Amino acid sequence: MTTLLEKKTDIQPVMEARALFKRYGQVTAIDGADFELLPGEILAVIGDNGAGKSSLIKALAGAVVPDAGEIFLGGRPVSFRSPIDARREGIETVYQDLAVAPAMTIAENLFLGRELLRPGFLGKLLRIVDKKKMNEEATAHMQGLQFAIKSMSQAVETLSGGQRQGVAVARSAAFARHVVIMDEPTAALGVREGNMVLDLIRKVRDSGLPVILISHNMPHVFEIADRIHVHRMGKRAAVLNPKKISMADTVSVMTGALKASELSPEVLA
Amino acid sequence: MTTSTTPTRRLHLPSLSTIGPLIALLLACIFFTTQSDRFLTSQTLSLVLKQISFVAVIAIGQTLVILTGGIDLACGAIMALGSMVMTKFAVELGVSPLLAILCGIIVTTAIGALNGLLITRLRLPPFIATLGMFGIVSATTQIYSGAQTVSNLPDTLGFLGQTFNVFGTAFTYGAVLMLVLFGVAWFYLTQTAPGRHIYAVGNNPEATRLSGIPTTRLLVSVYAVAGLLYGVAGYILIGRVGAGDPNAGQTENLESITAVVLGGTSLFGGRGNVLGSLLGALIVGVFRVGLTLAGVNSVYQILITGVLIILAVATDQFSRRKA
């Protein structure tokens with residue numbers, strides 16, 4: 001079945017899922033879903049409302065524990081009981097509802113839960129934070145992503161919506177070792193702000209981290225995705241090449257009007 | 001949704017909720033200085049500090065709780081039970097005073113932790129959990145004490161009510177302990193990782209949890225530390241009253257919240273400053289002493305406090321809407 005829907009590659013996937021299942025009572029949210037993320041790519045995950053893409057992504061991010069199936073990270077089987085487990089394995093997730101602490105500074109948000117402590121016995125014992133070092137490292141990291149913000153010690157709430165999302169993206173890029181998952185990162189943003197976040201996502205990919213991008217925004221998906229995972233009725237319907245297939249055909253696959261088997265092999269990725 | 005890419009606020013001026021309480025305190029002091037020759041003296045300062053000392057220590061605990069987005073309506077009752085345990089253990093059980101104090105503080109810390117568990121494990125709203133605990137703890141104090149005052153205390157129990165002289169003015173040790181505790185709390189909240197996590201959880205609990213911070217443990221320890229502080233306040237109270245009073249702690253719930261709110265800490269959690277709560281407690285204390293010295297009916301203090309609370313929360317709402 002997999003061979004029909006995608007071209008097999010010899011490249012070892014960064015992240016892989018095989019035959020995931022998740023049921024909530026009568027509802028089957030994940031119905032034998034497969035998934036593959038390749039090194040250095042932006043993989044868009046699209047699907048109609050209720051297709052179960054959100055459950056799939058939550059399973060990959062550790063927020064949902066699947067009933068059956070396997071998840072591999074770099075070929076090694078992993079099982080996540082919580083988002084914290086996934087984070088420990090180097091998977092960072094940016095959630096759509098602007099997951100920042102608004103009254104805290106940019107540097108504090110970047111280092112939340114991973115604060116840099118003052119050196120020395122007292123610093124470790126009392127867990128005194130090294131604000132200066134956090135500001136310096138935050139500045140360097142933001143410059144690396146060409147994300148222009150004057151001061152890392154300003155509160156996140158003084159930023160625009162796009163900049164706030166940018167902080168969340170930068171945070172995940174700073175700490176992810178293997179995968180960055182972004183759940184509708186541009187959904188709440190205007191055009192210019194959305195483009196700014198897209199630029200940032202490209203820079204994260206170019207820095208070597210593969211990105212899973214969940215989005216409803218087709219123009220955004222076609223603008224930055226290297227491959228498109230189409231999710232339908234709880235499983236993967238097809239993996240498409242955005243450079244070869246039209247947006248209209250993609251939507252047809254998403255809604256079920258077009259079967260993957262009816263597509264020409266060259267649009268598959 | 002804004003599409004601007006420039007920060008909406010460029011200058012780092014201290015916000016109104018930070019300097020507001022300081023201005024209010026200064027205005028009150030200036031006003032009372034014009035009303036009474038006896039106001040601007042070190043005796044007044046000593047009196048105010050002595051009067052507010054235990055409410056201010058409760059307000060430290062209340063600040064921690066409110067910063068997480070919670071509220072503690074049981075604080076006064078917990079303080080009263082703590083002081084009752086201390087005095088009864090020392091006087092009736094003959095336990096050494098220091099051990100009795102320790103037992104009282106252990107009891108208040110445990111009740112605080114229980115509050116935290118009700119809120120995190122049973123997912124009760126803090127308002128309800130602590131309202132229920134207020135009733136339970138108040139009644140327990142009455143039952144345990146038989147509604148009897150405990151007197152004839154050993155000296156150690158009243159120690160924080162004793163005084164020492166600075167340039168001829170007597171200050172209580174309780175007032176000094178209160179100021180030291182504010183310093184410690186300020187350092188903890190602004191300079192340490194756990195302190196910053198308290199702000200984070202009040203700002204965005206879900207984002208804080210997802211960033212790997214054990215928020216349940218954090219909240220339980222915040223309520224437990226608050227309980228510990230209520231125990232210390234109970235010890236200060238014993239020094240102030242000179243007895244174990246089963247009817248104490250009736251008004252301190254709202255007075256501590258008043259101090260926190262006047263100090264500019266947001267009731268929505270995540271923003272505020274514990275030193276503001278000291279200012280808030282001082283404002284209430286200055287009005288109480290000032291109006292007495294000016295020979296004005298003390299009911300005006302309640303009226304003015306009410307006005308100030310509304311002003312303080314309105315300022316908070318206004319600054320949040322701007323942000």
# chains A, B, ... in the order shown; residues from 1 in each chain; ligands from 1
call {"tool": "residues_around", "arguments": {"residues": "region 116-118 of chain A", "least_positions_apart": "4", "cutoff": "8 Å", "atoms": "only C-alpha atoms", "output": "list in words"}}
result
Phe111, Gly123, Lys124, Arg127, Ile128, Val129, Asp130, Lys131, Lys133 and Met134 of chain A; Ala193 of chain B
call {"tool": "interface_residues", "arguments": {"of": "chain A", "to": "chain B", "cutoff": "7 Å", "atoms": "only C-alpha atoms", "output": "count of residues only"}}
result
23
call {"tool": "atom_distance", "arguments": {"atom1": "CA of Asn109 (chain A)", "atom2": "CA of Ile257 (chain B)"}}
result
28.4 Å
call {"tool": "select_by_dssp", "arguments": {"residues": "region 15-250 of chain A", "states": "helix (DSSP H, G or I)", "output": "ChimeraX atom specification"}}
result
/A:53-61,83-88,106-110,121-126,131-144,156-158,161-175,191-206,218-224,247-250
call {"tool": "residues_around", "arguments": {"residues": "Asp206 (chain A)", "least_positions_apart": "4", "cutoff": "9 Å", "atoms": "only C-alpha atoms", "output": "ChimeraX atom specification"}}
result
/A:40-41,201-202,210
call {"tool": "write_last_selection", "arguments": {"atoms": "all heavy atoms", "output": "mmCIF file, in the first residue's frame"}}
result
data_model
loop_
_atom_site.group_PDB
_atom_site.id
_atom_site.type_symbol
_atom_site.label_atom_id
_atom_site.label_comp_id
_atom_site.auth_asym_id
_atom_site.auth_seq_id
_atom_site.Cartn_x
_atom_site.Cartn_y
_atom_site.Cartn_z
ATOM 1 N N GLY A 40 15.820 17.570 6.611
ATOM 2 C CA GLY A 40 15.943 18.879 5.980
ATOM 3 C C GLY A 40 14.758 19.342 5.155
ATOM 4 O O GLY A 40 14.886 20.223 4.319
ATOM 5 N N GLU A 41 13.581 18.746 5.382
ATOM 6 C CA GLU A 41 12.433 19.172 4.572
ATOM 7 C C GLU A 41 11.391 19.897 5.424
ATOM 8 O O GLU A 41 11.358 19.778 6.650
ATOM 9 C CB GLU A 41 11.757 17.964 3.916
ATOM 10 C CG GLU A 41 10.959 17.094 4.891
ATOM 11 C CD GLU A 41 10.093 16.057 4.176
ATOM 12 O OE1 GLU A 41 9.887 16.190 2.954
ATOM 13 O OE2 GLU A 41 9.628 15.118 4.845
ATOM 14 N N ILE A 201 10.273 30.116 9.226
ATOM 15 C CA ILE A 201 10.187 28.647 9.122
ATOM 16 C C ILE A 201 11.213 28.136 8.100
ATOM 17 O O ILE A 201 11.888 27.137 8.330
ATOM 18 C CB ILE A 201 8.755 28.219 8.721
ATOM 19 C CG1 ILE A 201 7.771 28.595 9.834
ATOM 20 C CG2 ILE A 201 8.694 26.711 8.452
ATOM 21 C CD1 ILE A 201 6.319 28.385 9.475
ATOM 22 N N ARG A 202 11.353 28.877 6.982
ATOM 23 C CA ARG A 202 12.370 28.504 5.982
ATOM 24 C C ARG A 202 13.759 28.528 6.598
ATOM 25 O O ARG A 202 14.579 27.649 6.347
ATOM 26 C CB ARG A 202 12.340 29.501 4.821
ATOM 27 C CG ARG A 202 11.472 29.040 3.683
ATOM 28 C CD ARG A 202 11.744 29.876 2.442
ATOM 29 N NE ARG A 202 10.527 29.999 1.688
ATOM 30 C CZ ARG A 202 9.719 31.055 1.731
ATOM 31 N NH1 ARG A 202 10.032 32.108 2.459
ATOM 32 N NH2 ARG A 202 8.614 31.065 1.041
ATOM 33 N N PRO A 210 14.321 19.529 10.192
ATOM 34 C CA PRO A 210 13.100 19.296 9.431
ATOM 35 C C PRO A 210 11.880 19.846 10.181
ATOM 36 O O PRO A 210 11.864 19.842 11.406
ATOM 37 C CB PRO A 210 13.033 17.784 9.298
ATOM 38 C CG PRO A 210 13.848 17.251 10.417
ATOM 39 C CD PRO A 210 14.880 18.282 10.748
#
call {"tool": "residues_around", "arguments": {"residues": "Ser46 (chain B)", "least_positions_apart": "5", "cutoff": "12 Å", "atoms": "only C-alpha atoms", "output": "PyMOL selection string"}}
result
chain B and resi 39-41+51-53+163-176+282+285-286+289
call {"tool": "write_last_selection", "arguments": {"atoms": "N, CA, C and O atoms", "output": "short mmCIF file (atom, residue, chain, number, x, y, z; two decimals), in the first residue's frame"}}
result
data_model
loop_
_atom_site.label_atom_id
_atom_site.label_comp_id
_atom_site.auth_asym_id
_atom_site.auth_seq_id
_atom_site.Cartn_x
_atom_site.Cartn_y
_atom_site.Cartn_z
N PHE B 39 2.18 63.20 62.92
CA PHE B 39 2.22 62.12 61.93
C PHE B 39 3.64 61.79 61.48
O PHE B 39 4.04 60.64 61.50
N LEU B 40 4.40 62.83 61.08
CA LEU B 40 5.70 62.54 60.47
C LEU B 40 6.76 62.33 61.54
O LEU B 40 7.68 63.13 61.70
N THR B 41 6.60 61.22 62.28
CA THR B 41 7.57 60.89 63.32
C THR B 41 7.95 59.43 63.20
O THR B 41 7.25 58.65 62.55
N GLN B 51 1.52 47.46 63.33
CA GLN B 51 0.13 47.11 63.05
C GLN B 51 -0.02 46.24 61.80
O GLN B 51 -0.88 45.37 61.75
N ILE B 52 0.80 46.54 60.79
CA ILE B 52 0.59 45.80 59.53
C ILE B 52 1.39 44.51 59.47
O ILE B 52 1.22 43.73 58.55
N SER B 53 2.30 44.28 60.46
CA SER B 53 3.29 43.22 60.27
C SER B 53 2.69 41.86 59.90
O SER B 53 3.14 41.23 58.95
N THR B 163 10.37 44.64 71.58
CA THR B 163 10.90 45.75 70.79
C THR B 163 12.38 45.97 71.06
O THR B 163 12.94 45.48 72.04
N PHE B 164 13.00 46.68 70.12
CA PHE B 164 14.37 47.15 70.31
C PHE B 164 14.41 48.60 69.88
O PHE B 164 13.56 49.06 69.09
N ASN B 165 15.37 49.36 70.38
CA ASN B 165 15.37 50.80 70.11
C ASN B 165 16.34 51.18 68.99
O ASN B 165 17.47 50.71 68.94
N VAL B 166 15.83 52.01 68.09
CA VAL B 166 16.69 52.63 67.08
C VAL B 166 16.51 54.13 67.24
O VAL B 166 15.41 54.66 67.03
N PHE B 167 17.56 54.81 67.68
CA PHE B 167 17.50 56.27 67.93
C PHE B 167 16.27 56.63 68.75
O PHE B 167 15.51 57.54 68.41
N GLY B 168 16.02 55.84 69.78
CA GLY B 168 14.96 56.20 70.71
C GLY B 168 13.56 55.76 70.30
O GLY B 168 12.60 56.00 71.01
N THR B 169 13.44 55.12 69.11
CA THR B 169 12.13 54.63 68.72
C THR B 169 12.11 53.11 68.83
O THR B 169 13.04 52.45 68.39
N ALA B 170 11.02 52.59 69.42
CA ALA B 170 10.94 51.15 69.62
C ALA B 170 10.29 50.48 68.40
O ALA B 170 9.19 50.85 67.99
N PHE B 171 11.02 49.54 67.80
CA PHE B 171 10.46 48.74 66.71
C PHE B 171 10.31 47.30 67.18
O PHE B 171 11.13 46.80 67.95
N THR B 172 9.26 46.61 66.68
CA THR B 172 9.10 45.21 67.08
C THR B 172 9.95 44.31 66.19
O THR B 172 10.21 44.62 65.03
N TYR B 173 10.37 43.17 66.76
CA TYR B 173 11.11 42.18 65.96
C TYR B 173 10.22 41.62 64.84
O TYR B 173 10.69 41.28 63.77
N GLY B 174 8.92 41.56 65.13
CA GLY B 174 7.98 41.06 64.12
C GLY B 174 8.01 41.92 62.86
O GLY B 174 7.97 41.41 61.74
N ALA B 175 8.10 43.26 63.06
CA ALA B 175 8.13 44.17 61.91
C ALA B 175 9.40 43.94 61.10
O ALA B 175 9.38 43.96 59.86
N VAL B 176 10.52 43.71 61.81
CA VAL B 176 11.79 43.48 61.12
C VAL B 176 11.72 42.17 60.32
O VAL B 176 12.09 42.11 59.14
N LEU B 282 1.21 49.09 53.56
CA LEU B 282 1.58 50.36 54.19
C LEU B 282 0.51 51.43 53.96
O LEU B 282 0.20 52.21 54.86
N GLY B 285 -2.21 50.79 56.32
CA GLY B 285 -1.74 51.11 57.67
C GLY B 285 -1.62 52.61 57.90
O GLY B 285 -1.98 53.12 58.97
N VAL B 286 -1.11 53.34 56.90
CA VAL B 286 -0.94 54.79 57.03
C VAL B 286 -2.29 55.47 57.16
O VAL B 286 -2.47 56.39 57.97
N VAL B 289 -3.64 54.79 60.82
CA VAL B 289 -2.98 55.58 61.86
C VAL B 289 -3.21 57.08 61.62
O VAL B 289 -3.51 57.84 62.55
#
call {"tool": "atom_distance", "arguments": {"atom1": "CA of His231 (chain A)", "atom2": "CA of Val45 (chain A)"}}
result
7.0 Å
